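Peer 1: Quick one, protein_32.cif (mmCIF, N, CA and C atoms and all ligand atoms):
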data_model
#
loop_
_atom_site.label_atom_id
_atom_site.label_comp_id
_atom_site.auth_asym_id
_atom_site.auth_seq_id
_atom_site.Cartn_x
_atom_site.Cartn_y
_atom_site.Cartn_z
N ALA A 1063 93.90 187.50 112.46
CA ALA A 1063 95.07 187.47 111.56
C ALA A 1063 95.42 186.03 111.23
N SER A 1064 96.15 185.84 110.17
CA SER A 1064 96.48 184.47 109.78
C SER A 1064 97.94 184.34 109.35
N ILE A 1065 98.41 183.12 109.43
CA ILE A 1065 99.79 182.76 109.10
C ILE A 1065 99.75 181.74 107.97
N LEU A 1066 100.61 181.92 106.98
CA LEU A 1066 100.75 180.93 105.91
C LEU A 1066 101.86 179.94 106.27
N ILE A 1067 101.53 178.66 106.23
CA ILE A 1067 102.54 177.62 106.40
C ILE A 1067 102.83 177.07 105.00
N LEU A 1068 104.04 177.31 104.52
CA LEU A 1068 104.38 176.97 103.14
C LEU A 1068 105.49 175.91 103.12
N ASN A 1069 105.22 174.82 102.40
CA ASN A 1069 106.20 173.74 102.30
C ASN A 1069 106.59 173.51 100.85
N GLY A 1070 107.88 173.30 100.64
CA GLY A 1070 108.44 173.14 99.31
C GLY A 1070 108.55 171.69 98.87
N PRO A 1071 109.47 171.44 97.93
CA PRO A 1071 109.53 170.18 97.21
C PRO A 1071 109.78 168.96 98.11
N ASN A 1072 109.07 167.90 97.77
CA ASN A 1072 109.19 166.57 98.40
C ASN A 1072 108.59 166.48 99.79
N LEU A 1073 108.13 167.60 100.31
CA LEU A 1073 107.55 167.54 101.66
C LEU A 1073 106.15 166.93 101.65
N ASN A 1074 105.55 166.79 100.47
CA ASN A 1074 104.30 166.01 100.35
C ASN A 1074 104.55 164.54 100.69
N LEU A 1075 105.80 164.10 100.61
CA LEU A 1075 106.13 162.69 100.91
C LEU A 1075 106.44 162.45 102.39
N LEU A 1076 106.29 163.50 103.18
CA LEU A 1076 106.65 163.38 104.60
C LEU A 1076 105.94 162.19 105.26
N GLY A 1077 106.70 161.46 106.08
CA GLY A 1077 106.16 160.27 106.74
C GLY A 1077 106.64 158.98 106.09
N THR A 1078 106.79 159.03 104.75
CA THR A 1078 107.31 157.84 104.05
C THR A 1078 108.70 158.10 103.48
N ARG A 1079 109.07 159.38 103.36
CA ARG A 1079 110.33 159.77 102.76
C ARG A 1079 111.44 159.74 103.82
N GLU A 1080 112.46 158.89 103.61
CA GLU A 1080 113.61 158.83 104.52
C GLU A 1080 113.21 159.09 105.98
N PRO A 1081 112.35 158.23 106.54
CA PRO A 1081 111.82 158.50 107.89
C PRO A 1081 112.91 158.57 108.97
N GLU A 1082 114.08 157.95 108.71
CA GLU A 1082 115.17 158.05 109.69
C GLU A 1082 115.70 159.48 109.78
N ILE A 1083 115.46 160.27 108.72
CA ILE A 1083 115.87 161.68 108.74
C ILE A 1083 114.69 162.59 109.08
N TYR A 1084 113.53 162.30 108.46
CA TYR A 1084 112.42 163.25 108.54
C TYR A 1084 111.27 162.79 109.44
N GLY A 1085 111.38 161.59 110.01
CA GLY A 1085 110.36 161.13 110.94
C GLY A 1085 109.18 160.46 110.25
N HIS A 1086 108.22 160.05 111.05
CA HIS A 1086 107.10 159.25 110.56
C HIS A 1086 105.81 160.05 110.43
N GLU A 1087 105.84 161.30 110.85
CA GLU A 1087 104.62 162.10 110.74
C GLU A 1087 104.43 162.59 109.30
N SER A 1088 103.19 162.61 108.86
CA SER A 1088 102.86 163.04 107.50
C SER A 1088 102.67 164.56 107.46
N LEU A 1089 102.55 165.08 106.23
CA LEU A 1089 102.28 166.51 106.09
C LEU A 1089 100.91 166.86 106.66
N ALA A 1090 99.97 165.93 106.57
CA ALA A 1090 98.65 166.16 107.18
C ALA A 1090 98.78 166.27 108.70
N ASP A 1091 99.67 165.47 109.29
CA ASP A 1091 99.92 165.58 110.74
C ASP A 1091 100.51 166.96 111.07
N VAL A 1092 101.43 167.42 110.21
CA VAL A 1092 102.04 168.74 110.42
C VAL A 1092 100.97 169.83 110.34
N GLU A 1093 100.09 169.69 109.36
CA GLU A 1093 99.01 170.68 109.22
C GLU A 1093 98.18 170.75 110.50
N GLN A 1094 97.86 169.59 111.04
CA GLN A 1094 97.05 169.53 112.26
C GLN A 1094 97.75 170.21 113.43
N LEU A 1095 99.03 169.90 113.60
CA LEU A 1095 99.74 170.51 114.74
C LEU A 1095 99.90 172.02 114.55
N CYS A 1096 100.03 172.45 113.29
CA CYS A 1096 100.12 173.89 113.02
C CYS A 1096 98.81 174.59 113.36
N ARG A 1097 97.69 173.96 112.98
CA ARG A 1097 96.38 174.57 113.27
C ARG A 1097 96.18 174.70 114.78
N THR A 1098 96.57 173.66 115.52
CA THR A 1098 96.42 173.68 116.97
C THR A 1098 97.30 174.76 117.59
N GLU A 1099 98.56 174.82 117.15
CA GLU A 1099 99.49 175.81 117.72
C GLU A 1099 99.03 177.23 117.40
N ALA A 1100 98.65 177.47 116.14
CA ALA A 1100 98.25 178.82 115.74
C ALA A 1100 97.02 179.26 116.53
N ALA A 1101 96.07 178.35 116.71
CA ALA A 1101 94.84 178.68 117.44
C ALA A 1101 95.18 179.11 118.86
N GLN A 1102 96.18 178.46 119.45
CA GLN A 1102 96.58 178.82 120.82
C GLN A 1102 97.10 180.25 120.90
N HIS A 1103 97.58 180.76 119.76
CA HIS A 1103 98.09 182.13 119.73
C HIS A 1103 97.08 183.09 119.10
N GLY A 1104 95.90 182.57 118.78
CA GLY A 1104 94.85 183.41 118.21
C GLY A 1104 95.01 183.69 116.72
N PHE A 1105 95.74 182.81 116.01
CA PHE A 1105 95.94 182.99 114.57
C PHE A 1105 95.24 181.87 113.78
N ASP A 1106 94.75 182.23 112.60
CA ASP A 1106 94.29 181.24 111.63
C ASP A 1106 95.49 180.79 110.80
N VAL A 1107 95.30 179.66 110.11
CA VAL A 1107 96.39 179.09 109.32
C VAL A 1107 95.90 178.77 107.91
N ALA A 1108 96.75 179.11 106.92
CA ALA A 1108 96.57 178.55 105.58
C ALA A 1108 97.77 177.64 105.34
N PHE A 1109 97.53 176.51 104.70
CA PHE A 1109 98.56 175.49 104.57
C PHE A 1109 98.74 175.15 103.09
N GLU A 1110 99.96 175.34 102.56
CA GLU A 1110 100.19 175.08 101.13
C GLU A 1110 101.51 174.32 100.96
N GLN A 1111 101.53 173.46 99.94
CA GLN A 1111 102.77 172.75 99.58
C GLN A 1111 102.87 172.74 98.06
N SER A 1112 104.09 172.95 97.56
CA SER A 1112 104.30 172.79 96.12
C SER A 1112 105.69 172.24 95.85
N ASN A 1113 105.78 171.45 94.78
CA ASN A 1113 107.08 170.95 94.33
C ASN A 1113 107.73 171.88 93.31
N HIS A 1114 107.06 173.02 93.03
CA HIS A 1114 107.48 173.90 91.93
C HIS A 1114 107.95 175.25 92.46
N GLU A 1115 109.15 175.63 92.07
CA GLU A 1115 109.76 176.87 92.55
C GLU A 1115 108.87 178.08 92.26
N GLY A 1116 108.36 178.17 91.03
CA GLY A 1116 107.54 179.32 90.66
C GLY A 1116 106.25 179.39 91.46
N ALA A 1117 105.67 178.23 91.74
CA ALA A 1117 104.43 178.20 92.52
C ALA A 1117 104.70 178.67 93.95
N LEU A 1118 105.88 178.36 94.47
CA LEU A 1118 106.25 178.83 95.82
C LEU A 1118 106.44 180.34 95.82
N ILE A 1119 107.04 180.87 94.75
CA ILE A 1119 107.21 182.32 94.61
C ILE A 1119 105.83 182.98 94.56
N ASP A 1120 104.92 182.42 93.76
CA ASP A 1120 103.56 182.96 93.67
C ASP A 1120 102.87 182.93 95.03
N ALA A 1121 103.04 181.84 95.76
CA ALA A 1121 102.40 181.71 97.08
C ALA A 1121 102.92 182.80 98.03
N LEU A 1122 104.23 183.08 97.96
CA LEU A 1122 104.80 184.15 98.80
C LEU A 1122 104.22 185.51 98.39
N HIS A 1123 104.17 185.78 97.08
CA HIS A 1123 103.61 187.05 96.61
C HIS A 1123 102.15 187.19 97.06
N ASN A 1124 101.40 186.11 96.92
CA ASN A 1124 99.97 186.15 97.23
C ASN A 1124 99.69 186.27 98.73
N ALA A 1125 100.73 186.04 99.53
CA ALA A 1125 100.55 186.17 100.99
C ALA A 1125 100.42 187.64 101.40
N ARG A 1126 100.91 188.54 100.55
CA ARG A 1126 100.85 189.98 100.87
C ARG A 1126 99.41 190.43 101.01
N GLY A 1127 99.14 191.11 102.10
CA GLY A 1127 97.79 191.63 102.31
C GLY A 1127 96.80 190.58 102.79
N VAL A 1128 97.24 189.33 102.86
CA VAL A 1128 96.35 188.23 103.27
C VAL A 1128 96.81 187.63 104.60
N HIS A 1129 98.12 187.42 104.70
CA HIS A 1129 98.69 186.80 105.89
C HIS A 1129 99.63 187.77 106.60
N ALA A 1130 99.76 187.55 107.92
CA ALA A 1130 100.62 188.43 108.71
C ALA A 1130 102.08 187.97 108.67
N GLY A 1131 102.30 186.72 108.33
CA GLY A 1131 103.65 186.18 108.27
C GLY A 1131 103.61 184.78 107.68
N VAL A 1132 104.81 184.22 107.47
CA VAL A 1132 104.93 182.93 106.79
C VAL A 1132 105.92 182.05 107.55
N VAL A 1133 105.55 180.79 107.75
CA VAL A 1133 106.49 179.75 108.19
C VAL A 1133 106.81 178.93 106.95
N PHE A 1134 108.08 178.89 106.57
CA PHE A 1134 108.46 178.38 105.25
C PHE A 1134 109.54 177.31 105.38
N ASN A 1135 109.22 176.11 104.90
CA ASN A 1135 110.25 175.09 104.70
C ASN A 1135 110.47 174.96 103.19
N PRO A 1136 111.53 175.56 102.66
CA PRO A 1136 111.74 175.57 101.21
C PRO A 1136 112.36 174.29 100.66
N GLY A 1137 112.56 173.27 101.52
CA GLY A 1137 113.16 172.01 101.06
C GLY A 1137 114.50 172.28 100.40
N ALA A 1138 114.81 171.54 99.35
CA ALA A 1138 116.11 171.66 98.71
C ALA A 1138 116.31 173.00 98.00
N TYR A 1139 115.22 173.71 97.70
CA TYR A 1139 115.37 175.04 97.09
C TYR A 1139 116.08 176.02 98.04
N THR A 1140 116.07 175.70 99.33
CA THR A 1140 116.84 176.47 100.31
C THR A 1140 118.26 176.71 99.82
N HIS A 1141 118.83 175.65 99.26
CA HIS A 1141 120.26 175.63 98.95
C HIS A 1141 120.56 176.07 97.52
N THR A 1142 119.51 176.37 96.76
CA THR A 1142 119.72 176.68 95.33
C THR A 1142 119.06 177.96 94.85
N SER A 1143 118.05 178.45 95.57
CA SER A 1143 117.16 179.42 94.92
C SER A 1143 117.34 180.87 95.35
N ILE A 1144 118.02 181.64 94.50
CA ILE A 1144 118.09 183.09 94.69
C ILE A 1144 116.71 183.69 94.46
N ALA A 1145 115.93 183.09 93.56
CA ALA A 1145 114.60 183.63 93.24
C ALA A 1145 113.68 183.56 94.46
N LEU A 1146 113.75 182.48 95.22
CA LEU A 1146 112.92 182.38 96.43
C LEU A 1146 113.40 183.38 97.49
N ALA A 1147 114.72 183.54 97.61
CA ALA A 1147 115.24 184.53 98.56
C ALA A 1147 114.77 185.93 98.18
N ASP A 1148 114.79 186.24 96.88
CA ASP A 1148 114.31 187.55 96.42
C ASP A 1148 112.83 187.73 96.73
N ALA A 1149 112.05 186.65 96.60
CA ALA A 1149 110.61 186.74 96.91
C ALA A 1149 110.42 187.02 98.40
N VAL A 1150 111.19 186.34 99.24
CA VAL A 1150 111.09 186.56 100.69
C VAL A 1150 111.44 188.02 101.01
N SER A 1151 112.51 188.53 100.40
CA SER A 1151 112.89 189.94 100.62
C SER A 1151 111.80 190.88 100.12
N GLY A 1152 111.20 190.51 99.00
CA GLY A 1152 110.30 191.41 98.30
C GLY A 1152 108.94 191.60 98.94
N ILE A 1153 108.48 190.61 99.69
CA ILE A 1153 107.09 190.68 100.17
C ILE A 1153 106.94 191.48 101.45
N GLN A 1154 108.05 191.79 102.11
CA GLN A 1154 107.98 192.60 103.33
C GLN A 1154 107.05 192.02 104.38
N LEU A 1155 107.07 190.70 104.49
CA LEU A 1155 106.38 189.99 105.57
C LEU A 1155 107.44 189.20 106.33
N PRO A 1156 107.26 189.02 107.65
CA PRO A 1156 108.22 188.17 108.36
C PRO A 1156 108.07 186.70 107.92
N VAL A 1157 109.20 186.11 107.54
CA VAL A 1157 109.22 184.72 107.11
C VAL A 1157 110.17 183.95 108.02
N VAL A 1158 109.65 182.94 108.71
CA VAL A 1158 110.47 182.07 109.55
C VAL A 1158 110.81 180.81 108.76
N GLU A 1159 112.10 180.57 108.59
CA GLU A 1159 112.59 179.40 107.84
C GLU A 1159 112.67 178.20 108.79
N VAL A 1160 112.08 177.09 108.37
CA VAL A 1160 112.08 175.88 109.20
C VAL A 1160 112.63 174.71 108.40
N HIS A 1161 113.51 173.95 109.04
CA HIS A 1161 113.94 172.66 108.49
C HIS A 1161 113.76 171.59 109.55
N LEU A 1162 113.16 170.49 109.16
CA LEU A 1162 112.95 169.37 110.07
C LEU A 1162 114.27 168.82 110.58
N SER A 1163 115.18 168.58 109.65
CA SER A 1163 116.46 167.98 110.00
C SER A 1163 117.46 169.07 110.37
N ASN A 1164 118.51 168.67 111.08
CA ASN A 1164 119.61 169.60 111.35
C ASN A 1164 120.51 169.61 110.12
N VAL A 1165 120.27 170.56 109.25
CA VAL A 1165 120.99 170.60 107.97
C VAL A 1165 122.50 170.74 108.17
N HIS A 1166 122.91 171.27 109.31
CA HIS A 1166 124.35 171.47 109.57
C HIS A 1166 125.07 170.19 109.93
N GLN A 1167 124.29 169.15 110.27
CA GLN A 1167 124.86 167.83 110.56
C GLN A 1167 124.98 166.98 109.30
N ARG A 1168 124.47 167.50 108.19
CA ARG A 1168 124.32 166.68 107.00
C ARG A 1168 125.35 167.07 105.92
N GLU A 1169 125.08 166.71 104.68
CA GLU A 1169 126.03 166.99 103.61
C GLU A 1169 126.36 168.49 103.55
N SER A 1170 127.58 168.81 103.10
CA SER A 1170 128.00 170.22 103.11
C SER A 1170 127.12 171.07 102.20
N PHE A 1171 126.54 170.48 101.14
CA PHE A 1171 125.69 171.30 100.26
C PHE A 1171 124.41 171.76 100.94
N ARG A 1172 124.10 171.17 102.11
CA ARG A 1172 122.93 171.63 102.88
C ARG A 1172 123.29 172.70 103.92
N HIS A 1173 124.56 173.04 104.02
CA HIS A 1173 124.97 173.98 105.07
C HIS A 1173 124.68 175.43 104.69
N HIS A 1174 124.60 175.69 103.37
CA HIS A 1174 124.32 177.05 102.94
C HIS A 1174 122.85 177.22 102.60
N SER A 1175 122.26 178.32 103.10
CA SER A 1175 120.88 178.66 102.78
C SER A 1175 120.82 180.05 102.16
N TYR A 1176 120.18 180.14 101.00
CA TYR A 1176 119.93 181.46 100.41
C TYR A 1176 118.83 182.20 101.17
N ILE A 1177 118.03 181.45 101.94
CA ILE A 1177 116.87 182.04 102.61
C ILE A 1177 117.26 182.66 103.96
N SER A 1178 118.21 182.03 104.67
CA SER A 1178 118.52 182.48 106.03
C SER A 1178 118.86 183.96 106.15
N PRO A 1179 119.64 184.54 105.21
CA PRO A 1179 119.97 185.97 105.38
C PRO A 1179 118.75 186.89 105.31
N VAL A 1180 117.65 186.40 104.73
CA VAL A 1180 116.46 187.26 104.61
C VAL A 1180 115.31 186.76 105.48
N ALA A 1181 115.56 185.72 106.29
CA ALA A 1181 114.53 185.18 107.17
C ALA A 1181 114.48 185.96 108.48
N ALA A 1182 113.28 186.03 109.06
CA ALA A 1182 113.10 186.69 110.36
C ALA A 1182 113.70 185.83 111.48
N ALA A 1183 113.67 184.52 111.30
CA ALA A 1183 114.25 183.57 112.24
C ALA A 1183 114.45 182.26 111.49
N VAL A 1184 115.33 181.41 112.04
CA VAL A 1184 115.63 180.13 111.40
C VAL A 1184 115.59 179.04 112.46
N ILE A 1185 114.86 177.96 112.18
CA ILE A 1185 114.73 176.85 113.13
C ILE A 1185 115.11 175.56 112.39
N VAL A 1186 116.15 174.90 112.86
CA VAL A 1186 116.58 173.66 112.21
C VAL A 1186 116.72 172.55 113.23
N GLY A 1187 116.40 171.32 112.81
CA GLY A 1187 116.71 170.15 113.60
C GLY A 1187 115.74 169.84 114.71
N ALA A 1188 114.60 170.53 114.76
CA ALA A 1188 113.62 170.29 115.81
C ALA A 1188 112.49 169.37 115.35
N GLY A 1189 112.65 168.77 114.16
CA GLY A 1189 111.60 167.91 113.64
C GLY A 1189 110.32 168.71 113.41
N THR A 1190 109.18 168.02 113.51
CA THR A 1190 107.91 168.72 113.25
C THR A 1190 107.63 169.79 114.30
N ASN A 1191 108.26 169.67 115.47
CA ASN A 1191 108.09 170.72 116.48
C ASN A 1191 108.62 172.07 115.99
N GLY A 1192 109.50 172.04 115.00
CA GLY A 1192 110.01 173.28 114.42
C GLY A 1192 108.90 174.17 113.87
N TYR A 1193 107.87 173.55 113.33
CA TYR A 1193 106.73 174.34 112.81
C TYR A 1193 106.02 175.02 113.97
N ARG A 1194 105.87 174.29 115.08
CA ARG A 1194 105.26 174.90 116.29
C ARG A 1194 106.07 176.09 116.75
N LEU A 1195 107.38 175.88 116.82
CA LEU A 1195 108.28 176.95 117.28
C LEU A 1195 108.21 178.14 116.32
N GLY A 1196 108.13 177.85 115.03
CA GLY A 1196 108.04 178.91 114.03
C GLY A 1196 106.78 179.75 114.20
N ILE A 1197 105.67 179.07 114.42
CA ILE A 1197 104.39 179.76 114.63
C ILE A 1197 104.45 180.59 115.91
N ALA A 1198 104.99 180.00 116.98
CA ALA A 1198 105.09 180.72 118.26
C ALA A 1198 105.96 181.96 118.10
N GLN A 1199 107.05 181.83 117.35
CA GLN A 1199 107.96 182.97 117.14
C GLN A 1199 107.29 184.06 116.34
N LEU A 1200 106.58 183.68 115.29
CA LEU A 1200 105.87 184.68 114.47
C LEU A 1200 104.82 185.39 115.31
N ALA A 1201 104.06 184.61 116.09
CA ALA A 1201 103.01 185.19 116.92
C ALA A 1201 103.63 186.18 117.91
N HIS A 1202 104.77 185.78 118.47
CA HIS A 1202 105.48 186.65 119.41
C HIS A 1202 105.91 187.94 118.73
N ALA A 1203 106.52 187.81 117.56
CA ALA A 1203 107.03 188.97 116.84
C ALA A 1203 105.88 189.88 116.39
N LEU A 1204 104.77 189.29 116.00
CA LEU A 1204 103.65 190.07 115.46
C LEU A 1204 102.84 190.76 116.53
N THR A 1205 102.91 190.25 117.75
CA THR A 1205 102.09 190.84 118.81
C THR A 1205 102.95 191.60 119.83
N ALA A 1206 104.26 191.65 119.60
CA ALA A 1206 105.18 192.32 120.53
C ALA A 1206 104.98 193.83 120.50
C1 LIG B 1301 114.72 170.07 104.61
C2 LIG B 1301 116.25 170.03 104.45
C3 LIG B 1301 116.66 170.15 102.98
O1 LIG B 1301 118.06 170.07 102.86
C4 LIG B 1301 116.04 169.03 102.18
O2 LIG B 1301 116.35 169.18 100.82
C5 LIG B 1301 114.57 168.91 102.38
C6 LIG B 1301 114.03 169.04 103.73
C7 LIG B 1301 114.30 169.78 106.07
O3 LIG B 1301 113.15 170.07 106.41
O4 LIG B 1301 115.09 169.23 106.85
O5 LIG B 1301 113.82 168.64 101.45
O6 LIG B 1301 114.27 171.38 104.27
#
Step by step, read the file and then write its structure as structure tokens.
Peer 2:
Amino acid sequence: ASILILNGPNLNLLGTREPEIYGHESLADVEQLCRTEAAQHGFDVAFEQSNHEGALIDALHNARGVHAGVVFNPGAYTHTSIALADAVSGIQLPVVEVHLSNVHQRESFRHHSYISPVAAAVIVGAGTNGYRLGIAQLAHALTA
């Protein structure tokens, strides 16, 4: 079985983008740690990033029948996108929402998530380890 790791807008800049908030690890580093963590749970990983809302919706739709679940960092679309929330509801796959930063410690516009009410679990503020935790949680839920 496999897990889709999906990253939204600006996460391609990880490592150079506001490192005091998001850390120094790159998205390639995140991909590596995800592959290692998933393998430990017996899962394969597909890794995708897009800056485009529609492409993220397509990636969620295309996960149906291909992946057992999704670890999703929707970036700023978290706080704006009803369409992404509808896609998460619509695909009937468990989706774990991950944010590197503790969004609740930050600006008030980051406190609301359209994704959280439809997510299987939510992990915030754990940095890149959040992806590990997300994979472990999905593996736990899928094999329970
Ligand atoms: C983020 C938090 C969002 O508020 C922000 O827009 C991002 C990254 C995080 O991983 O902490 O792009 O999703």
Peer 1: Taking the DSSP secondary structure from the backbone, can you list the residues of stretch 1128-1190 of chain A that are helix (DSSP H, G or I), as an MDAnalysis selection string?
Peer 2: chainID A and resid 1137:1141 1144:1153 1165:1167 1170:1172 1178:1180
Peer 1: Counting only C-alpha atoms and all ligand atoms, which protein, DNA or RNA residues come within 10 Å of ligand LIG 1301 (chain B), given as a PyMOL selection string?
Peer 2: chain A and resi 1069-1076+1079+1083-1084+1134-1142+1159-1166+1168-1175+1185-1190+1192
Peer 1: So which one's closest to A:Ile1144, A:Asp1106, A:Glu1115, A:Glu1080, A:Asp1120? Using only C-alpha atoms, please.
Peer 2: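 Nearest to A:Ile1144: A:Glu1115.
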Peer 1: Which residue gives the smallest distance to A:Ile1065 among A:His1123, A:Ala1108, A:Leu1200, A:His1114, with only N, CA and C atoms counted?
Peer 2: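 Answer, going by the shortest atom-to-atom distance: A:Ala1108.
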Peer 1: Per DSSP on the backbone, filter chain A down to the residues in strand (DSSP E or B) and report them as a PyMOL selection string.
Peer 2: chain A and resi 1064-1069+1106-1111+1131-1135+1157-1161+1183-1186
Peer 1: Let me know the centre plus edge lengths, in Å and rounded to one decimal, of a box with edges along x, y and z that contains all listed atoms of stretch 1154-1173 of chain A and is padded by 8 Å on every side, as AutoDock Vina command-line options.
Peer 2:
--center_x 117.2 --center_y 179.6 --center_z 105.8 --size_x 37.6 --size_y 41.9 --size_z 27.1
Peer 1: Excluding same-chain residues fewer than 2 positions from stretch 1092-1101 of chain A, what lies within 8 Å of it counting all atoms listed in the file, as a list of chain:residue names?
Peer 2: A:Ile1065, A:Ile1067, A:Glu1087, A:Ser1088, A:Leu1089, A:Ala1090, A:His1103, A:Gly1104, A:Phe1105, A:Asp1106, A:Val1107, A:Ala1108, A:Phe1109, A:Thr1190, A:Tyr1193, A:Arg1194, A:Leu1195, A:Ile1197, A:Ala1198
Peer 1: Name the closest residue to A:Leu1066 among the candidates A:Val1184, A:Ala1121, A:Val1128, A:Val1133; distances are taken between atoms, counting all atoms listed in the file.
Peer 2: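 When distances to A:Leu1066 are compared using all atoms listed in the file, the smallest one comes from A:Val1133.
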Peer 1: Could you work out how far atom CA of A:Ser1112 lies from atom CA of A:Leu1155, giving the answer in Å with one decimal?
Peer 2: 19.7 Å
Peer 1: As an exercise, work out the distance from atom CA of A:Ala1145 to atom CA of A:Thr1078 in Å and give it to one decimal place.
Peer 2: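 It comes out at 28.9 Å.
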Peer 1: Calculate how many Å separate atom CA of A:Ser1178 from atom C of A:Gly1196, rounding to one decimal.
Peer 2: 14.6 Å
Peer 1: Which residue, A:Ala1117, A:Val1158, A:Gly1131, A:Glu1110, has the smallest gap to A:Ala1181 when you use all atoms listed in the file?
Peer 2: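 Closest to A:Ala1181 of all the choices is A:Val1158.
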Peer 1: Is it possible to get the residues within 6.5 Å of (97.0, 189.3, 111.5) (coordinates as in the file, counting all atoms listed in the file) written as an MDAnalysis selection string?
Peer 2: chainID A and resid 1063:1064 1129:1130
Peer 1: Taking only C-alpha atoms into account, name the residue in A:Gln1167, A:Ile1153, A:Pro1179, A:Ala1203 that is nearest to A:Arg1126.
Peer 2: A:Ile1153
